[in-house]
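Below is model-v4.csv, which holds CSV, C-alpha atoms.
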```
chain,number,residue,atom,x,y,z
Y,121,MET,CA,-57.5,12.1,-57.9
Y,122,ALA,CA,-55.7,9.5,-59.9
Y,123,HIS,CA,-53.0,7.6,-58.1
Y,124,ARG,CA,-49.6,7.8,-59.6
Y,125,THR,CA,-48.2,4.4,-60.3
Y,126,ARG,CA,-44.7,3.8,-59.1
Y,127,LYS,CA,-42.5,3.0,-62.1
Y,128,LYS,CA,-40.7,-0.2,-61.9
Y,129,LEU,CA,-36.9,0.1,-61.8
Y,130,THR,CA,-35.2,-1.2,-64.8
Y,131,LYS,CA,-32.3,-3.7,-64.6
Y,132,LYS,CA,-29.9,-0.9,-65.7
Y,133,GLN,CA,-31.2,1.4,-62.9
Y,134,ILE,CA,-30.8,-1.3,-60.3
Y,135,GLU,CA,-27.2,-1.9,-61.4
Y,136,LYS,CA,-26.5,1.8,-60.9
Y,137,ASP,CA,-28.1,1.9,-57.4
Y,138,PRO,CA,-25.5,3.5,-55.1
Y,139,ILE,CA,-26.4,1.4,-52.1
Y,140,GLY,CA,-26.3,-1.8,-54.1
Y,141,ASP,CA,-22.9,-0.7,-55.4
Y,142,LYS,CA,-21.5,-0.2,-51.9
Y,143,LEU,CA,-22.8,-3.5,-50.7
Y,144,GLU,CA,-21.3,-5.2,-53.7
Y,145,ILE,CA,-18.0,-3.5,-53.1
Y,146,GLY,CA,-18.1,-4.5,-49.4
Y,147,ALA,CA,-18.9,-8.1,-50.3
Y,148,LEU,CA,-16.1,-8.2,-52.8
Y,149,PHE,CA,-13.7,-6.7,-50.2
Y,150,LEU,CA,-14.6,-9.2,-47.6
Y,151,GLN,CA,-14.3,-12.0,-50.1
Y,152,ALA,CA,-10.9,-10.9,-51.1
Y,153,ARG,CA,-9.6,-9.9,-47.6
Y,154,TYR,CA,-11.6,-12.2,-45.3
Y,155,LYS,CA,-8.5,-13.6,-43.6
Y,156,GLU,CA,-7.2,-10.1,-42.7
Y,157,VAL,CA,-10.6,-8.8,-41.6
Y,158,PHE,CA,-11.5,-11.8,-39.4
Y,159,GLY,CA,-8.0,-11.9,-38.1
Y,160,ALA,CA,-8.2,-8.3,-37.0
Y,161,LEU,CA,-11.6,-9.0,-35.4
Y,162,ALA,CA,-10.1,-12.0,-33.6
Y,163,VAL,CA,-7.2,-9.9,-32.3
Y,164,LEU,CA,-9.6,-7.2,-31.1
Y,165,LEU,CA,-11.7,-9.8,-29.3
Y,166,ILE,CA,-8.6,-11.2,-27.6
Y,167,VAL,CA,-7.5,-7.8,-26.5
Y,168,VAL,CA,-11.0,-7.1,-25.0
Y,169,LEU,CA,-11.0,-10.4,-23.2
Y,170,VAL,CA,-7.5,-9.9,-21.9
Y,171,ILE,CA,-8.3,-6.4,-20.5
Y,172,GLN,CA,-11.4,-7.8,-18.8
Y,173,TYR,CA,-9.4,-10.7,-17.4
Y,174,ILE,CA,-6.6,-8.4,-16.1
Y,175,GLY,CA,-9.2,-6.1,-14.5
Y,176,GLY,CA,-10.9,-9.0,-12.8
Y,177,LYS,CA,-7.5,-10.3,-11.6
Y,178,LYS,CA,-6.6,-6.9,-10.2
Y,179,ASN,CA,-9.9,-6.7,-8.3
Y,180,SER,CA,-9.5,-10.2,-7.1
Y,181,ALA,CA,-5.9,-9.5,-6.0
Y,182,ALA,CA,-7.0,-6.4,-4.1
Y,183,GLU,CA,-9.7,-8.3,-2.3
Y,184,GLU,CA,-7.3,-11.0,-1.4
Y,185,SER,CA,-4.8,-8.5,0.0
Y,186,MET,CA,-7.5,-6.8,2.1
Y,187,ALA,CA,-8.7,-10.1,3.4
Y,188,GLY,CA,-5.1,-11.2,4.2
Y,189,PHE,CA,-4.3,-8.0,6.1
Y,190,ILE,CA,-7.5,-8.1,8.1
Y,191,THR,CA,-7.0,-11.7,9.0
Y,192,ALA,CA,-3.3,-11.2,9.9
Y,193,SER,CA,-4.3,-8.2,12.1
Y,194,GLN,CA,-6.9,-10.1,13.9
Y,195,THR,CA,-4.4,-13.0,14.5
Y,196,PHE,CA,-1.9,-10.5,15.8
Y,197,ASP,CA,-4.5,-9.1,18.3
Y,198,GLN,CA,-5.1,-12.6,19.5
Y,199,ALA,CA,-1.4,-13.1,20.0
Y,200,MET,CA,-1.2,-9.9,22.1
Y,201,ASN,CA,-4.3,-10.9,24.2
Y,202,ALA,CA,-2.7,-14.3,24.8
Y,203,ALA,CA,0.6,-12.7,25.9
Y,204,ALA,CA,-1.3,-10.4,28.2
Y,205,SER,CA,-3.0,-13.5,29.7
Y,206,SER,CA,0.4,-15.2,30.2
Y,207,GLN,CA,-0.5,-17.8,27.6
Y,208,ALA,CA,3.0,-17.9,26.0
Y,209,ASP,CA,2.5,-20.9,23.7
Y,210,GLN,CA,-0.7,-19.6,22.2
Y,211,ALA,CA,0.8,-16.1,21.8
Y,212,TYR,CA,3.9,-17.6,20.0
Y,213,GLN,CA,1.7,-19.6,17.7
Y,214,ALA,CA,-0.6,-16.7,16.8
Y,215,LEU,CA,2.3,-14.4,16.3
Y,216,ASN,CA,4.0,-16.8,13.9
Y,217,ALA,CA,0.7,-17.3,12.0
Y,218,SER,CA,0.1,-13.6,11.7
Y,219,TYR,CA,3.7,-13.1,10.4
Y,220,ALA,CA,3.4,-15.8,7.8
Y,221,LEU,CA,0.1,-14.5,6.5
Y,222,SER,CA,1.4,-10.9,6.5
Y,223,MET,CA,4.4,-11.8,4.5
Y,224,GLN,CA,2.4,-14.0,2.1
Y,225,THR,CA,0.0,-11.1,1.5
Y,226,TRP,CA,2.9,-8.7,0.9
Y,227,ASN,CA,4.8,-11.0,-1.5
Y,228,ASN,CA,1.7,-11.9,-3.5
Y,229,ASN,CA,0.8,-8.3,-4.4
Y,230,PRO,CA,3.5,-5.8,-3.3
Y,231,GLN,CA,1.9,-2.9,-5.3
Y,232,ASN,CA,-1.3,-3.1,-3.3
Y,233,ASP,CA,-1.9,-0.8,-0.3
Y,234,TRP,CA,-3.4,-3.6,1.8
Y,235,ALA,CA,-0.3,-5.7,1.0
Y,236,ARG,CA,1.9,-2.8,2.1
Y,237,LYS,CA,0.0,-2.5,5.4
Y,238,SER,CA,0.6,-6.3,5.8
Y,239,ALA,CA,4.4,-5.7,5.3
Y,240,VAL,CA,4.4,-3.0,8.0
Y,241,LEU,CA,2.6,-5.5,10.3
Y,242,ALA,CA,5.2,-8.1,9.5
Y,243,SER,CA,7.9,-5.6,10.4
Y,244,LYS,CA,6.2,-4.9,13.7
Y,245,ILE,CA,6.3,-8.6,14.5
Y,246,ASP,CA,10.0,-8.8,13.5
Y,247,ILE,CA,10.7,-6.0,15.9
Y,248,ILE,CA,8.9,-7.8,18.7
Y,249,ARG,CA,10.9,-11.0,18.0
Y,250,GLY,CA,14.2,-9.1,17.7
Y,251,ASN,CA,14.7,-9.6,14.0
Y,252,TYR,CA,15.8,-6.0,13.4
Y,253,GLU,CA,17.5,-6.7,10.1
Y,254,GLY,CA,14.4,-8.3,8.6
Y,255,ALA,CA,12.2,-5.4,9.8
Y,256,ILE,CA,14.5,-2.8,8.4
Y,257,ALA,CA,14.7,-4.5,5.0
Y,258,THR,CA,10.9,-4.8,4.7
Y,259,LEU,CA,10.2,-1.3,5.9
Y,260,SER,CA,12.9,0.1,3.5
Y,261,THR,CA,11.2,-1.7,0.6
Y,262,VAL,CA,7.8,-0.3,1.6
Y,263,LEU,CA,9.0,3.3,1.9
Y,264,ALA,CA,10.9,3.0,-1.4
Y,265,THR,CA,7.5,2.6,-3.1
Y,266,ASP,CA,6.5,6.1,-2.0
Y,267,PRO,CA,3.3,4.8,-0.3
Y,268,ASP,CA,0.2,6.7,0.7
Y,269,ILE,CA,0.5,8.7,4.0
Y,270,SER,CA,-1.7,6.2,5.8
Y,271,ILE,CA,1.1,3.6,5.1
Y,272,ARG,CA,4.1,6.0,5.3
Y,273,VAL,CA,3.3,7.1,8.8
Y,274,PRO,CA,3.3,3.7,10.5
Y,275,ALA,CA,6.3,2.6,8.3
Y,276,LEU,CA,8.3,5.6,9.5
Y,277,LEU,CA,7.3,5.1,13.1
Y,278,HIS,CA,8.4,1.5,13.1
Y,279,MET,CA,11.5,2.3,11.2
Y,280,GLY,CA,12.5,4.8,13.9
Y,281,ILE,CA,11.7,2.2,16.6
Y,282,VAL,CA,13.7,-0.6,15.0
Y,283,LEU,CA,16.7,1.7,14.4
Y,284,GLU,CA,16.6,2.8,18.0
Y,285,ASN,CA,16.6,-0.8,19.1
Y,286,ARG,CA,19.5,-1.8,16.9
Y,287,GLY,CA,21.2,1.2,18.3
Y,288,SER,CA,24.4,1.8,16.4
Y,289,GLU,CA,25.6,5.4,16.0
Y,290,GLN,CA,24.4,5.5,12.4
Y,291,ASP,CA,21.1,3.8,13.4
Y,292,LEU,CA,20.4,6.6,15.9
Y,293,VAL,CA,21.1,9.2,13.2
Y,294,ASN,CA,18.7,7.4,10.8
Y,295,ALA,CA,16.1,7.1,13.5
Y,296,THR,CA,16.3,10.8,14.1
Y,297,ALA,CA,15.6,11.4,10.4
Y,298,SER,CA,12.6,9.0,10.4
Y,299,TYR,CA,11.1,10.8,13.4
Y,300,GLN,CA,11.7,14.2,12.0
Y,301,GLU,CA,10.1,13.3,8.7
Y,302,LEU,CA,7.2,11.8,10.7
Y,303,ILE,CA,6.7,15.2,12.5
Y,304,GLU,CA,6.8,17.1,9.1
Y,305,ILE,CA,4.0,15.0,7.6
Y,306,SER,CA,1.8,14.6,10.6
Y,307,GLU,CA,1.3,18.2,11.8
Y,308,GLU,CA,-2.5,17.7,11.8
Y,309,ASN,CA,-2.3,14.6,13.9
Y,310,PRO,CA,-1.1,15.4,17.4
Y,311,ALA,CA,-1.1,11.8,18.6
Y,312,VAL,CA,1.4,10.8,15.8
Y,313,GLU,CA,3.5,13.9,16.3
Y,314,ALA,CA,3.7,13.1,20.0
Y,315,GLU,CA,4.9,9.6,19.3
Y,316,ALA,CA,7.6,11.0,17.0
Y,317,LEU,CA,8.7,13.5,19.6
Y,318,LEU,CA,8.9,10.7,22.2
Y,319,GLY,CA,11.0,8.8,19.8
Y,320,LEU,CA,13.3,11.8,19.4
Y,321,SER,CA,13.5,12.2,23.1
Y,322,ARG,CA,14.7,8.6,23.4
Y,323,VAL,CA,17.2,8.9,20.6
Y,324,TYR,CA,18.7,12.2,21.9
Y,325,PHE,CA,19.0,10.6,25.4
Y,326,ALA,CA,20.9,7.6,23.8
Y,327,GLN,CA,23.2,10.2,22.1
Y,328,GLN,CA,23.6,11.9,25.5
Y,329,ASN,CA,22.0,15.1,24.2
Y,330,TYR,CA,20.0,15.5,27.4
Y,331,THR,CA,18.8,19.1,26.8
Y,332,GLU,CA,17.4,18.2,23.3
Y,333,SER,CA,15.9,15.1,24.8
Y,334,GLU,CA,14.0,17.1,27.5
Y,335,ILE,CA,12.8,19.6,24.9
Y,336,ALA,CA,11.4,16.8,22.7
Y,337,LEU,CA,9.7,15.2,25.7
Y,338,ASN,CA,8.1,18.4,26.9
Y,339,ASN,CA,6.8,19.1,23.4
Y,340,ALA,CA,5.3,15.6,23.3
Y,341,LEU,CA,3.6,16.2,26.6
Y,342,VAL,CA,2.1,19.4,25.3
Y,343,LEU,CA,0.5,17.4,22.5
Y,344,SER,CA,-0.5,14.4,24.7
Y,345,SER,CA,-1.2,14.9,28.4
Y,346,ASP,CA,-1.6,11.2,28.9
Y,347,THR,CA,1.6,10.4,30.7
Y,348,THR,CA,2.4,6.7,30.4
Y,349,ALA,CA,5.0,4.7,32.3
Y,350,PHE,CA,7.7,5.5,29.8
Y,351,GLU,CA,7.1,9.3,29.9
Y,352,ALA,CA,7.2,9.2,33.7
Y,353,TYR,CA,10.4,7.2,33.7
Y,354,GLN,CA,11.9,9.5,31.1
Y,355,ILE,CA,11.0,12.6,33.1
Y,356,THR,CA,12.7,11.1,36.2
Y,357,ARG,CA,16.0,10.1,34.5
Y,358,LEU,CA,16.3,13.4,32.6
Y,359,ALA,CA,15.9,15.2,35.9
Y,360,SER,CA,18.8,13.3,37.3
Y,361,PHE,CA,21.1,14.4,34.4
Y,362,ASN,CA,19.9,18.0,34.1
Y,363,ASN,CA,20.1,18.8,37.8
```

Once you've parsed the file, please lay out its structure as structure tokens.
Amino acid sequence: MAHRTRKKLTKKQIEKDPIGDKLEIGALFLQARYKEVFGALAVLLIVVLVIQYIGGKKNSAAEESMAGFITASQTFDQAMNAAASSQADQAYQALNASYALSMQTWNNNPQNDWARKSAVLASKIDIIRGNYEGAIATLSTVLATDPDISIRVPALLHMGIVLENRGSEQDLVNATASYQELIEISEENPAVEAEALLGLSRVYFAQQNYTESEIALNNALVLSSDTTAFEAYQITRLASFNN
């Protein structure tokens, strides 16, 4: 069988080649608009790099917040151990270090959950040191961010405690609200609910609502049979008022 020879394209046919036409049009477009095209590509590249940079910064900030909270918590534990061993100077120094690191972590990245946990820890230290106004201010800021329940629970608990300790009439009303909200959101956590009920018992007692105080205490004891020194003391003093 004879092989067919491929006809050579004429110059006119090459000129009419659709692919060649498109390439030529593209080349002419780039030549005429190269500034706009390369400018757009440069902008796109910058956007991609910025997004990658921000993502990296967020990850780095989250890791720093986590590390800050863990370190501050460990330092706080050291302070409590030193206090239990009657090492007052060491306890004081560790407590100050924990507070400083907690507040630094919180201020550096207040939108991060680890940083919010650091803020709650700092508030706890403020309560221990008697700085009630500082603790209330920090806890109010944390709660205003509508945090995750794992942060909201300890924040509400410490808010109730610090308001109890400050102890004005309005503080006791607000402490009651904190404990009641805590009960509502922790129905599946008996230990937390018991703590909130114990708080209510203390508040009601301070308001001289002894019957309500005893009811709250008894409900707490149903949830937690482990009677600590406070519960035993509360039972005794309530008995003296109700008998």

#### Entry: Spatial neighbours of region 184-198 of chain Y, 10 Å, all atoms listed in the file, chain gap at least 2 places, as a PyMOL selection string
chain Y and resi 178-182+200-204+210-211+213-226+228-230+232-239+241-242+245

### Task
Would you kindly return, as a ChimeraX atom specification, each protein, DNA or RNA residue with an atom no farther than 10 Å from any atom of Leu318 (chain Y), considering all atoms listed in the file and excluding same-chain residues fewer than 3 positions away?
/Y:299,312-315,321-324,333-334,336-341,350-351,354

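Minimum distance to Ser270 (chain Y) across Y:Asn251, Y:Ser205, Y:Ser306, Y:Ser243 (counting only C-alpha atoms) occurs at Y:Ser306.
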
### Query
Which residue gives the smallest distance to Asn285 (chain Y) among Y:Leu302, Y:Ile248, Y:Leu317, Y:Ile271, with all atoms listed in the file counted?
Y:Ile248

#### Entry: Pick from Y:Val273, Y:Val262, Y:Gln300, Y:Gly254, whichever lies nearest to Arg286 (chain Y) using all atoms listed in the file
Y:Gly254

### Task
Quick one: everything within 8 Å of Tyr252 (chain Y), counting all atoms listed in the file, minus sequence neighbours fewer than 4 positions away in the same chain. Send it as a list in words.
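Result of the neighbour search: Asp246, Ile247, Ile256, Val282, Leu283, Asn285 and Arg286 of chain Y.
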
Box for region 183-195 of chain Y: with edges along x, y and z, all listed atoms inside and 3 Å added on each side, what are the centre and edge lengths in Å to one decimal, as lines of an AutoDock Vina configuration file?
```
center_x = -6.5
center_y = -9.9
center_z = 6.1
size_x = 12.4
size_y = 12.2
size_z = 22.8
```

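CA of Ala257 (chain Y) sits 10.8 Å away from CA of Val240 (chain Y).
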
### Query
For the atom pair CA of Thr261 (chain Y) and CA of Asn227 (chain Y), what is the interatomic distance in Å to one decimal place?
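Distance reported for this atom pair: 11.5 Å.
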
Regenerate region 216-240 of chain Y at the level of N, CA and C atoms and dump it as a PDB file, keeping the file's coordinate frame.
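Below you can see part.pdb, which holds the result:
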```pdb
ATOM      1  N   ASN Y 216       3.372 -16.209  15.058  1.00  0.00           N
ATOM      2  CA  ASN Y 216       4.000 -16.800  13.900  1.00  0.00           C
ATOM      3  C   ASN Y 216       2.957 -16.905  12.730  1.00  0.00           C
ATOM      4  N   ALA Y 217       1.699 -17.242  13.057  1.00  0.00           N
ATOM      5  CA  ALA Y 217       0.700 -17.300  12.000  1.00  0.00           C
ATOM      6  C   ALA Y 217       0.414 -15.954  11.404  1.00  0.00           C
ATOM      7  N   SER Y 218       0.360 -14.921  12.239  1.00  0.00           N
ATOM      8  CA  SER Y 218       0.100 -13.600  11.700  1.00  0.00           C
ATOM      9  C   SER Y 218       1.287 -13.128  10.838  1.00  0.00           C
ATOM     10  N   TYR Y 219       2.502 -13.446  11.239  1.00  0.00           N
ATOM     11  CA  TYR Y 219       3.700 -13.100  10.400  1.00  0.00           C
ATOM     12  C   TYR Y 219       3.662 -13.778   9.080  1.00  0.00           C
ATOM     13  N   ALA Y 220       3.385 -15.065   9.093  1.00  0.00           N
ATOM     14  CA  ALA Y 220       3.400 -15.800   7.800  1.00  0.00           C
ATOM     15  C   ALA Y 220       2.326 -15.299   6.877  1.00  0.00           C
ATOM     16  N   LEU Y 221       1.144 -15.014   7.386  1.00  0.00           N
ATOM     17  CA  LEU Y 221       0.100 -14.500   6.500  1.00  0.00           C
ATOM     18  C   LEU Y 221       0.400 -13.093   6.032  1.00  0.00           C
ATOM     19  N   SER Y 222       0.992 -12.268   6.885  1.00  0.00           N
ATOM     20  CA  SER Y 222       1.400 -10.900   6.500  1.00  0.00           C
ATOM     21  C   SER Y 222       2.379 -10.924   5.349  1.00  0.00           C
ATOM     22  N   MET Y 223       3.404 -11.745   5.485  1.00  0.00           N
ATOM     23  CA  MET Y 223       4.400 -11.800   4.500  1.00  0.00           C
ATOM     24  C   MET Y 223       3.924 -12.418   3.160  1.00  0.00           C
ATOM     25  N   GLN Y 224       3.038 -13.407   3.279  1.00  0.00           N
ATOM     26  CA  GLN Y 224       2.400 -14.000   2.100  1.00  0.00           C
ATOM     27  C   GLN Y 224       1.612 -12.966   1.333  1.00  0.00           C
ATOM     28  N   THR Y 225       0.819 -12.195   2.071  1.00  0.00           N
ATOM     29  CA  THR Y 225       0.000 -11.100   1.500  1.00  0.00           C
ATOM     30  C   THR Y 225       0.865 -10.100   0.790  1.00  0.00           C
ATOM     31  N   TRP Y 226       1.935  -9.718   1.442  1.00  0.00           N
ATOM     32  CA  TRP Y 226       2.900  -8.700   0.900  1.00  0.00           C
ATOM     33  C   TRP Y 226       3.560  -9.241  -0.366  1.00  0.00           C
ATOM     34  N   ASN Y 227       4.049 -10.462  -0.330  1.00  0.00           N
ATOM     35  CA  ASN Y 227       4.800 -11.000  -1.500  1.00  0.00           C
ATOM     36  C   ASN Y 227       3.883 -11.282  -2.668  1.00  0.00           C
ATOM     37  N   ASN Y 228       2.608 -11.578  -2.415  1.00  0.00           N
ATOM     38  CA  ASN Y 228       1.700 -11.900  -3.500  1.00  0.00           C
ATOM     39  C   ASN Y 228       1.303 -10.660  -4.326  1.00  0.00           C
ATOM     40  N   ASN Y 229       1.286  -9.491  -3.700  1.00  0.00           N
ATOM     41  CA  ASN Y 229       0.800  -8.300  -4.400  1.00  0.00           C
ATOM     42  C   ASN Y 229       1.446  -7.038  -3.815  1.00  0.00           C
ATOM     43  N   PRO Y 230       2.763  -6.864  -3.964  1.00  0.00           N
ATOM     44  CA  PRO Y 230       3.500  -5.800  -3.300  1.00  0.00           C
ATOM     45  C   PRO Y 230       3.070  -4.370  -3.708  1.00  0.00           C
ATOM     46  N   GLN Y 231       2.348  -4.227  -4.809  1.00  0.00           N
ATOM     47  CA  GLN Y 231       1.900  -2.900  -5.300  1.00  0.00           C
ATOM     48  C   GLN Y 231       0.595  -2.472  -4.651  1.00  0.00           C
ATOM     49  N   ASN Y 232      -0.038  -3.360  -3.922  1.00  0.00           N
ATOM     50  CA  ASN Y 232      -1.300  -3.100  -3.300  1.00  0.00           C
ATOM     51  C   ASN Y 232      -1.170  -2.453  -1.947  1.00  0.00           C
ATOM     52  N   ASP Y 233      -1.989  -1.450  -1.601  1.00  0.00           N
ATOM     53  CA  ASP Y 233      -1.900  -0.800  -0.300  1.00  0.00           C
ATOM     54  C   ASP Y 233      -2.144  -1.710   0.854  1.00  0.00           C
ATOM     55  N   TRP Y 234      -3.107  -2.614   0.697  1.00  0.00           N
ATOM     56  CA  TRP Y 234      -3.400  -3.600   1.800  1.00  0.00           C
ATOM     57  C   TRP Y 234      -2.186  -4.467   2.003  1.00  0.00           C
ATOM     58  N   ALA Y 235      -1.518  -4.846   0.918  1.00  0.00           N
ATOM     59  CA  ALA Y 235      -0.300  -5.700   1.000  1.00  0.00           C
ATOM     60  C   ALA Y 235       0.809  -4.919   1.718  1.00  0.00           C
ATOM     61  N   ARG Y 236       0.921  -3.616   1.429  1.00  0.00           N
ATOM     62  CA  ARG Y 236       1.900  -2.800   2.100  1.00  0.00           C
ATOM     63  C   ARG Y 236       1.664  -2.678   3.578  1.00  0.00           C
ATOM     64  N   LYS Y 237       0.398  -2.551   3.936  1.00  0.00           N
ATOM     65  CA  LYS Y 237       0.000  -2.500   5.400  1.00  0.00           C
ATOM     66  C   LYS Y 237       0.412  -3.864   6.013  1.00  0.00           C
ATOM     67  N   SER Y 238       0.248  -4.941   5.273  1.00  0.00           N
ATOM     68  CA  SER Y 238       0.600  -6.300   5.800  1.00  0.00           C
ATOM     69  C   SER Y 238       2.148  -6.308   6.017  1.00  0.00           C
ATOM     70  N   ALA Y 239       2.909  -5.681   5.128  1.00  0.00           N
ATOM     71  CA  ALA Y 239       4.400  -5.700   5.300  1.00  0.00           C
ATOM     72  C   ALA Y 239       4.763  -4.895   6.543  1.00  0.00           C
ATOM     73  N   VAL Y 240       4.084  -3.785   6.814  1.00  0.00           N
ATOM     74  CA  VAL Y 240       4.400  -3.000   8.000  1.00  0.00           C
ATOM     75  C   VAL Y 240       4.043  -3.855   9.272  1.00  0.00           C
TER      76      VAL Y 240
END
```
